[in-house]
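For reference, input35.pdb (PDB, C-alpha atoms):
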```
MODEL        1
ATOM      1  CA  MET S  25      21.910  35.102  11.575  1.00  0.00           C
ATOM      2  CA  SER S  26      25.607  36.060  11.584  1.00  0.00           C
ATOM      3  CA  ASP S  27      28.304  33.771  10.179  1.00  0.00           C
ATOM      4  CA  THR S  28      29.241  32.703  13.721  1.00  0.00           C
ATOM      5  CA  SER S  29      25.665  31.880  14.751  1.00  0.00           C
ATOM      6  CA  PRO S  30      24.523  28.247  14.863  1.00  0.00           C
ATOM      7  CA  ARG S  31      22.420  27.024  11.937  1.00  0.00           C
ATOM      8  CA  LEU S  32      20.541  24.358  13.859  1.00  0.00           C
ATOM      9  CA  PRO S  33      17.681  25.680  16.010  1.00  0.00           C
ATOM     10  CA  PRO S  34      17.274  24.222  19.503  1.00  0.00           C
ATOM     11  CA  GLY S  35      15.691  20.783  19.643  1.00  0.00           C
ATOM     12  CA  GLN S  36      16.356  20.060  15.948  1.00  0.00           C
ATOM     13  CA  VAL S  37      18.379  17.286  14.250  1.00  0.00           C
ATOM     14  CA  GLU S  38      19.969  17.761  10.818  1.00  0.00           C
ATOM     15  CA  THR S  39      18.931  15.417   8.012  1.00  0.00           C
ATOM     16  CA  ARG S  40      20.054  15.162   4.393  1.00  0.00           C
ATOM     17  CA  LYS S  41      16.695  13.709   3.395  1.00  0.00           C
ATOM     18  CA  TRP S  42      13.524  15.710   2.895  1.00  0.00           C
ATOM     19  CA  PRO S  43      10.885  13.785   4.834  1.00  0.00           C
ATOM     20  CA  VAL S  44       7.346  13.801   3.429  1.00  0.00           C
ATOM     21  CA  LEU S  45       4.841  14.847   6.084  1.00  0.00           C
ATOM     22  CA  HIS S  46       1.307  16.137   5.654  1.00  0.00           C
ATOM     23  CA  TYR S  47      -2.241  15.578   6.822  1.00  0.00           C
ATOM     24  CA  GLY S  48      -4.435  13.514   4.512  1.00  0.00           C
ATOM     25  CA  ALA S  49      -3.846  12.374   0.947  1.00  0.00           C
ATOM     26  CA  VAL S  50      -1.704  14.168  -1.626  1.00  0.00           C
ATOM     27  CA  PRO S  51      -4.035  16.137  -3.937  1.00  0.00           C
ATOM     28  CA  ARG S  52      -3.450  15.847  -7.675  1.00  0.00           C
ATOM     29  CA  ILE S  53      -3.732  19.354  -9.032  1.00  0.00           C
ATOM     30  CA  ASP S  54      -4.307  20.203 -12.679  1.00  0.00           C
ATOM     31  CA  ARG S  55      -2.163  23.259 -13.425  1.00  0.00           C
ATOM     32  CA  SER S  56      -4.632  24.438 -16.054  1.00  0.00           C
ATOM     33  CA  GLN S  57      -7.289  24.671 -13.318  1.00  0.00           C
ATOM     34  CA  TRP S  58      -5.052  26.008 -10.537  1.00  0.00           C
ATOM     35  CA  ILE S  59      -5.831  29.519  -9.272  1.00  0.00           C
ATOM     36  CA  LEU S  60      -4.038  31.585  -6.627  1.00  0.00           C
ATOM     37  CA  ARG S  61      -6.300  34.142  -4.930  1.00  0.00           C
ATOM     38  CA  VAL S  62      -5.207  37.160  -2.891  1.00  0.00           C
ATOM     39  CA  TRP S  63      -8.210  38.783  -1.237  1.00  0.00           C
ATOM     40  CA  GLY S  64      -9.678  40.218   1.938  1.00  0.00           C
ATOM     41  CA  GLU S  65      -8.193  43.487   3.206  1.00  0.00           C
ATOM     42  CA  VAL S  66      -6.701  44.525  -0.150  1.00  0.00           C
ATOM     43  CA  GLU S  67      -7.442  47.227  -2.708  1.00  0.00           C
ATOM     44  CA  ASN S  68      -7.049  44.933  -5.719  1.00  0.00           C
ATOM     45  CA  PRO S  69      -8.150  41.317  -5.179  1.00  0.00           C
ATOM     46  CA  LEU S  70      -6.217  38.929  -7.418  1.00  0.00           C
ATOM     47  CA  GLU S  71      -7.001  35.642  -9.135  1.00  0.00           C
ATOM     48  CA  ILE S  72      -3.853  34.397 -10.841  1.00  0.00           C
ATOM     49  CA  GLY S  73      -3.721  31.300 -13.016  1.00  0.00           C
ATOM     50  CA  TRP S  74      -0.679  29.114 -13.601  1.00  0.00           C
ATOM     51  CA  ARG S  75       0.284  30.678 -16.930  1.00  0.00           C
ATOM     52  CA  GLU S  76      -0.054  34.207 -15.576  1.00  0.00           C
ATOM     53  CA  LEU S  77       2.103  33.325 -12.576  1.00  0.00           C
ATOM     54  CA  GLN S  78       4.952  32.387 -14.926  1.00  0.00           C
ATOM     55  CA  HIS S  79       5.012  35.983 -16.202  1.00  0.00           C
ATOM     56  CA  PHE S  80       5.858  37.403 -12.773  1.00  0.00           C
ATOM     57  CA  PRO S  81       9.558  38.022 -12.086  1.00  0.00           C
ATOM     58  CA  GLN S  82      11.149  34.750 -11.025  1.00  0.00           C
ATOM     59  CA  ALA S  83      13.279  34.637  -7.884  1.00  0.00           C
ATOM     60  CA  SER S  84      15.190  32.099  -5.817  1.00  0.00           C
ATOM     61  CA  THR S  85      15.750  31.625  -2.104  1.00  0.00           C
ATOM     62  CA  HIS S  86      18.622  29.613  -0.675  1.00  0.00           C
ATOM     63  CA  CYS S  87      17.685  28.588   2.843  1.00  0.00           C
ATOM     64  CA  ASP S  88      17.554  26.023   5.611  1.00  0.00           C
ATOM     65  CA  ILE S  89      14.176  24.496   6.434  1.00  0.00           C
ATOM     66  CA  HIS S  90      13.003  23.375   9.862  1.00  0.00           C
ATOM     67  CA  CYS S  91      10.114  21.048  10.656  1.00  0.00           C
ATOM     68  CA  VAL S  92       8.207  21.128  13.930  1.00  0.00           C
ATOM     69  CA  THR S  93       8.794  17.348  14.133  1.00  0.00           C
ATOM     70  CA  GLN S  94      12.436  18.237  14.919  1.00  0.00           C
ATOM     71  CA  TRP S  95      14.312  17.737  11.650  1.00  0.00           C
ATOM     72  CA  SER S  96      16.163  20.437   9.734  1.00  0.00           C
ATOM     73  CA  ARG S  97      17.571  20.329   6.214  1.00  0.00           C
ATOM     74  CA  PHE S  98      20.329  22.745   5.223  1.00  0.00           C
ATOM     75  CA  ASP S  99      21.077  24.363   1.856  1.00  0.00           C
ATOM     76  CA  ASN S 100      17.855  24.197  -0.130  1.00  0.00           C
ATOM     77  CA  THR S 101      17.293  26.372  -3.174  1.00  0.00           C
ATOM     78  CA  PHE S 102      13.673  27.162  -4.001  1.00  0.00           C
ATOM     79  CA  GLY S 103      12.562  29.002  -7.117  1.00  0.00           C
ATOM     80  CA  GLY S 104       9.315  30.825  -7.716  1.00  0.00           C
ATOM     81  CA  VAL S 105       7.562  34.180  -7.343  1.00  0.00           C
ATOM     82  CA  ARG S 106       8.160  36.497  -4.424  1.00  0.00           C
ATOM     83  CA  VAL S 107       5.116  36.859  -2.198  1.00  0.00           C
ATOM     84  CA  SER S 108       5.992  40.531  -1.845  1.00  0.00           C
ATOM     85  CA  ASP S 109       5.456  41.010  -5.600  1.00  0.00           C
ATOM     86  CA  LEU S 110       1.941  39.592  -5.303  1.00  0.00           C
ATOM     87  CA  LEU S 111       1.184  41.747  -2.284  1.00  0.00           C
ATOM     88  CA  ARG S 112       2.371  44.882  -4.050  1.00  0.00           C
ATOM     89  CA  ARG S 113      -0.047  44.158  -6.880  1.00  0.00           C
ATOM     90  CA  ALA S 114      -2.923  43.453  -4.450  1.00  0.00           C
ATOM     91  CA  VAL S 115      -2.113  46.531  -2.281  1.00  0.00           C
ATOM     92  CA  PRO S 116      -2.898  45.578   1.337  1.00  0.00           C
ATOM     93  CA  LEU S 117      -5.129  48.014   3.201  1.00  0.00           C
ATOM     94  CA  ALA S 118      -3.875  49.696   6.359  1.00  0.00           C
ATOM     95  CA  ALA S 119      -6.188  47.448   8.388  1.00  0.00           C
ATOM     96  CA  ALA S 120      -4.496  44.268   7.102  1.00  0.00           C
ATOM     97  CA  LYS S 121      -2.346  42.797   9.875  1.00  0.00           C
ATOM     98  CA  TYR S 122      -2.645  39.019   9.427  1.00  0.00           C
ATOM     99  CA  VAL S 123      -2.968  36.426   6.695  1.00  0.00           C
ATOM    100  CA  LEU S 124      -4.873  33.170   6.558  1.00  0.00           C
ATOM    101  CA  VAL S 125      -3.164  30.967   3.978  1.00  0.00           C
ATOM    102  CA  HIS S 126      -5.438  28.576   2.083  1.00  0.00           C
ATOM    103  CA  ALA S 127      -4.283  25.370   0.405  1.00  0.00           C
ATOM    104  CA  ALA S 128      -5.750  22.274  -1.232  1.00  0.00           C
ATOM    105  CA  PRO S 129      -7.809  20.391  -0.388  1.00  0.00           C
ATOM    106  CA  ASP S 130      -9.055  22.432   2.626  1.00  0.00           C
ATOM    107  CA  TYR S 131      -5.945  23.320   4.640  1.00  0.00           C
ATOM    108  CA  THR S 132      -5.248  26.661   6.293  1.00  0.00           C
ATOM    109  CA  THR S 133      -2.449  28.212   8.325  1.00  0.00           C
ATOM    110  CA  ASN S 134      -2.027  31.702   9.733  1.00  0.00           C
ATOM    111  CA  LEU S 135       0.748  34.232  10.178  1.00  0.00           C
ATOM    112  CA  PRO S 136       1.228  37.963  10.660  1.00  0.00           C
ATOM    113  CA  LEU S 137       1.402  39.975   7.441  1.00  0.00           C
ATOM    114  CA  GLU S 138       4.843  41.262   8.445  1.00  0.00           C
ATOM    115  CA  ASP S 139       6.089  37.668   8.538  1.00  0.00           C
ATOM    116  CA  LEU S 140       4.609  36.933   5.117  1.00  0.00           C
ATOM    117  CA  ASP S 141       5.876  40.091   3.408  1.00  0.00           C
ATOM    118  CA  ARG S 142       9.603  39.284   3.407  1.00  0.00           C
ATOM    119  CA  PRO S 143      11.997  39.092   0.438  1.00  0.00           C
ATOM    120  CA  ALA S 144      12.880  35.415   1.031  1.00  0.00           C
ATOM    121  CA  ASN S 145       9.259  34.239   0.980  1.00  0.00           C
ATOM    122  CA  LEU S 146       8.045  32.658  -2.243  1.00  0.00           C
ATOM    123  CA  ILE S 147       5.206  30.983  -3.974  1.00  0.00           C
ATOM    124  CA  ALA S 148       7.692  28.187  -4.637  1.00  0.00           C
ATOM    125  CA  LEU S 149       7.504  26.227  -7.881  1.00  0.00           C
ATOM    126  CA  SER S 150      10.833  24.390  -7.819  1.00  0.00           C
ATOM    127  CA  TRP S 151      13.358  22.899  -5.422  1.00  0.00           C
ATOM    128  CA  ASN S 152      17.055  22.514  -6.255  1.00  0.00           C
ATOM    129  CA  GLY S 153      16.357  23.150  -9.926  1.00  0.00           C
ATOM    130  CA  GLU S 154      13.494  20.673 -10.357  1.00  0.00           C
ATOM    131  CA  PRO S 155       9.725  21.266 -10.289  1.00  0.00           C
ATOM    132  CA  LEU S 156       8.213  20.600  -6.887  1.00  0.00           C
ATOM    133  CA  THR S 157       6.807  17.094  -6.675  1.00  0.00           C
ATOM    134  CA  PRO S 158       3.203  16.701  -5.501  1.00  0.00           C
ATOM    135  CA  GLU S 159       4.462  15.103  -2.261  1.00  0.00           C
ATOM    136  CA  HIS S 160       6.403  18.269  -1.461  1.00  0.00           C
ATOM    137  CA  GLY S 161       3.606  20.652  -2.371  1.00  0.00           C
ATOM    138  CA  GLY S 162       3.795  20.876  -6.142  1.00  0.00           C
ATOM    139  CA  PRO S 163       2.842  22.497  -8.312  1.00  0.00           C
ATOM    140  CA  ALA S 164       3.066  25.460  -5.899  1.00  0.00           C
ATOM    141  CA  ARG S 165       3.664  25.818  -2.189  1.00  0.00           C
ATOM    142  CA  LEU S 166       4.278  28.735   0.105  1.00  0.00           C
ATOM    143  CA  LEU S 167       7.839  29.161   1.402  1.00  0.00           C
ATOM    144  CA  VAL S 168       8.365  31.035   4.685  1.00  0.00           C
ATOM    145  CA  PRO S 169      11.795  29.722   5.708  1.00  0.00           C
ATOM    146  CA  HIS S 170      12.196  31.651   8.968  1.00  0.00           C
ATOM    147  CA  LEU S 171       9.232  29.783  10.537  1.00  0.00           C
ATOM    148  CA  TYR S 172       8.588  26.072  11.075  1.00  0.00           C
ATOM    149  CA  LEU S 173       7.765  24.400   7.787  1.00  0.00           C
ATOM    150  CA  TRP S 174       4.075  23.794   8.535  1.00  0.00           C
ATOM    151  CA  LYS S 175       3.616  27.534   7.894  1.00  0.00           C
ATOM    152  CA  SER S 176       4.950  26.974   4.339  1.00  0.00           C
ATOM    153  CA  ALA S 177       1.669  25.480   3.186  1.00  0.00           C
ATOM    154  CA  LYS S 178       1.821  22.858   0.443  1.00  0.00           C
ATOM    155  CA  TRP S 179      -0.558  23.134  -2.541  1.00  0.00           C
ATOM    156  CA  VAL S 180      -1.207  26.814  -1.808  1.00  0.00           C
ATOM    157  CA  THR S 181      -4.339  28.348  -3.348  1.00  0.00           C
ATOM    158  CA  GLY S 182      -4.861  31.654  -1.561  1.00  0.00           C
ATOM    159  CA  LEU S 183      -3.761  34.432   0.758  1.00  0.00           C
ATOM    160  CA  GLN S 184      -6.620  36.015   2.718  1.00  0.00           C
ATOM    161  CA  LEU S 185      -5.591  39.252   4.403  1.00  0.00           C
ATOM    162  CA  LEU S 186      -7.340  39.920   7.705  1.00  0.00           C
ATOM    163  CA  GLN S 187      -7.598  42.531  10.421  1.00  0.00           C
ATOM    164  CA  GLU S 188      -7.328  39.926  13.202  1.00  0.00           C
ATOM    165  CA  ASP S 189      -5.357  36.745  13.660  1.00  0.00           C
ATOM    166  CA  TYR S 190      -7.222  33.478  13.155  1.00  0.00           C
ATOM    167  CA  PRO S 191      -5.780  29.996  13.745  1.00  0.00           C
ATOM    168  CA  GLY S 192      -5.404  27.634  10.817  1.00  0.00           C
ATOM    169  CA  PHE S 193      -5.741  23.849  10.799  1.00  0.00           C
ATOM    170  CA  TRP S 194      -2.758  22.867  12.940  1.00  0.00           C
ATOM    171  CA  GLU S 195      -3.086  25.948  15.117  1.00  0.00           C
ATOM    172  CA  GLN S 196      -6.631  24.902  16.003  1.00  0.00           C
ATOM    173  CA  ASN S 197      -5.182  21.537  16.958  1.00  0.00           C
ATOM    174  CA  GLY S 198      -2.646  22.889  19.426  1.00  0.00           C
ATOM    175  CA  TYR S 199       0.255  24.206  17.357  1.00  0.00           C
ATOM    176  CA  HIS S 200       1.745  27.624  18.074  1.00  0.00           C
ATOM    177  CA  MET S 201       0.203  30.666  16.420  1.00  0.00           C
ATOM    178  CA  LEU S 202       3.582  31.852  15.042  1.00  0.00           C
ATOM    179  CA  GLY S 203       6.074  28.956  14.970  1.00  0.00           C
ATOM    180  CA  ASP S 204       9.544  30.505  15.343  1.00  0.00           C
ATOM    181  CA  PRO S 205      12.040  27.590  15.391  1.00  0.00           C
ATOM    182  CA  TRP S 206      14.663  29.627  17.243  1.00  0.00           C
ATOM    183  CA  LYS S 207      12.212  30.109  20.111  1.00  0.00           C
ATOM    184  CA  GLU S 208      10.908  26.505  19.874  1.00  0.00           C
ATOM    185  CA  GLN S 209       7.375  27.777  19.333  1.00  0.00           C
ATOM    186  CA  ARG S 210       6.022  24.332  18.533  1.00  0.00           C
ATOM    187  CA  TYR S 211       2.766  24.310  20.444  1.00  0.00           C
ATOM    188  CA  GLY S 212       0.419  26.906  21.923  1.00  0.00           C
ATOM    189  CA  ARG S 213      -3.225  27.534  22.776  1.00  0.00           C
ATOM    190  CA  PRO S 214      -5.316  29.432  20.200  1.00  0.00           C
ATOM    191  CA  ASP S 215      -7.985  31.876  21.262  1.00  0.00           C
ATOM    192  CA  PRO S 216     -11.193  29.748  21.291  1.00  0.00           C
ATOM    193  CA  VAL S 217     -13.469  32.750  20.677  1.00  0.00           C
ATOM    194  CA  ARG S 218     -11.731  33.578  17.414  1.00  0.00           C
ATOM    195  CA  MET S 219     -11.739  29.936  16.458  1.00  0.00           C
ATOM    196  CA  ARG S 220     -15.541  29.838  16.708  1.00  0.00           C
ATOM    197  CA  ARG S 221     -16.135  33.130  14.926  1.00  0.00           C
ATOM    198  CA  GLY S 222     -13.726  32.646  12.035  1.00  0.00           C
ATOM    199  CA  PRO S 223     -12.446  35.271   9.598  1.00  0.00           C
ATOM    200  CA  ARG S 224     -14.927  37.600   8.018  1.00  0.00           C
TER
ENDMDL
END
```

File written out as structure tokens:
Amino acid sequence: MSDTSPRLPPGQVETRKWPVLHYGAVPRIDRSQWILRVWGEVENPLEIGWRELQHFPQASTHCDIHCVTQWSRFDNTFGGVRVSDLLRRAVPLAAAKYVLVHAAPDYTTNLPLEDLDRPANLIALSWNGEPLTPEHGGPARLLVPHLYLWKSAKWVTGLQLLQEDYPGFWEQNGYHMLGDPWKEQRYGRPDPVRMRRGPR
């Protein structure tokens, strides 16, 4: 976006709060047991524990966040590990085009690999200088700020690279397969054949 472009996507309302929205109860995750997996269409599958994750280069992203429920919050600073650094270590195969994101307790969401592999995207561990609270996805959540916030899965546990797109939890329940807030991609109709088959 240029400096003269609007910051508020169509249909959104700015808030200074950070509303807590999620499906189901907030999981309580023991960091000593937490594992992040990167697998599927990759040369080097990864299983990274909490302590190992701290040894990756740390990065920050200053961004606006936009929820499909029509609120937006400006000027957030997230800290964590760039997703692109994890992908470089895993080495996606040429066939990898999509990602199914896994999160506790049994949540999934999907996005194209090209939308995941961007410099601003993080495995976020902090927000505005403080560790992420469990209600906001702590100890680790995905951050994909250019898409609606449901794509930034809380309590992230894995990135499964796939050859074909496959709808996650909300996508199977009517949400859009991509979720671009500037195009108001709130809702859509997933492919029912892929929904039945599932990722290999």

Under the rule of at most 6 Å, produce a per-residue listing of range 68-172 of chain S near range 186-194 of chain S: chain, number, name, the closest pair of atoms, and the distance in Å, as CSV, using only C-alpha atoms.
```
residue,atom,partner,partner_atom,distance
S:Ala119,CA,S:Gln187,CA,5.5
S:Ala120,CA,S:Gln187,CA,4.9
S:Lys121,CA,S:Gln187,CA,5.3
S:Tyr122,CA,S:Leu186,CA,5.1
S:Val123,CA,S:Leu186,CA,5.7
S:Thr132,CA,S:Gly192,CA,4.6
S:Thr133,CA,S:Gly192,CA,3.9
S:Asn134,CA,S:Gly192,CA,5.4
```

As an exercise, work out the distance from CA of Pro30 in chain S to CA of Ser84 in chain S in Å and give it to one decimal place.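 Pair CA of Pro30 in chain S / CA of Ser84 in chain S returns 23.0 Å.
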
Neighbouring residues of Ala148 in chain S were defined as those with any atom within 6 Å, considering only C-alpha atoms; residues of the same chain fewer than 3 positions away were excluded. Please report them as a PyMOL selection string. chain S and resi 103-104+164-166

Calculated over all atoms listed in the file, which of the candidates S:Ser150, S:Ser96, S:Asn145, S:Asn68 has the smallest distance to Arg31 in chain S?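 Comparing S:Ser150, S:Ser96, S:Asn145, S:Asn68 against Arg31 in chain S, the winner is S:Ser96.
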
Report as an MDAnalysis selection string the residues that result from applying the PyMOL selection byres ((chain S and resi 64) around 9) to the structure here. chainID S and resid 62:63 65:67 69 116 120 183:186 224
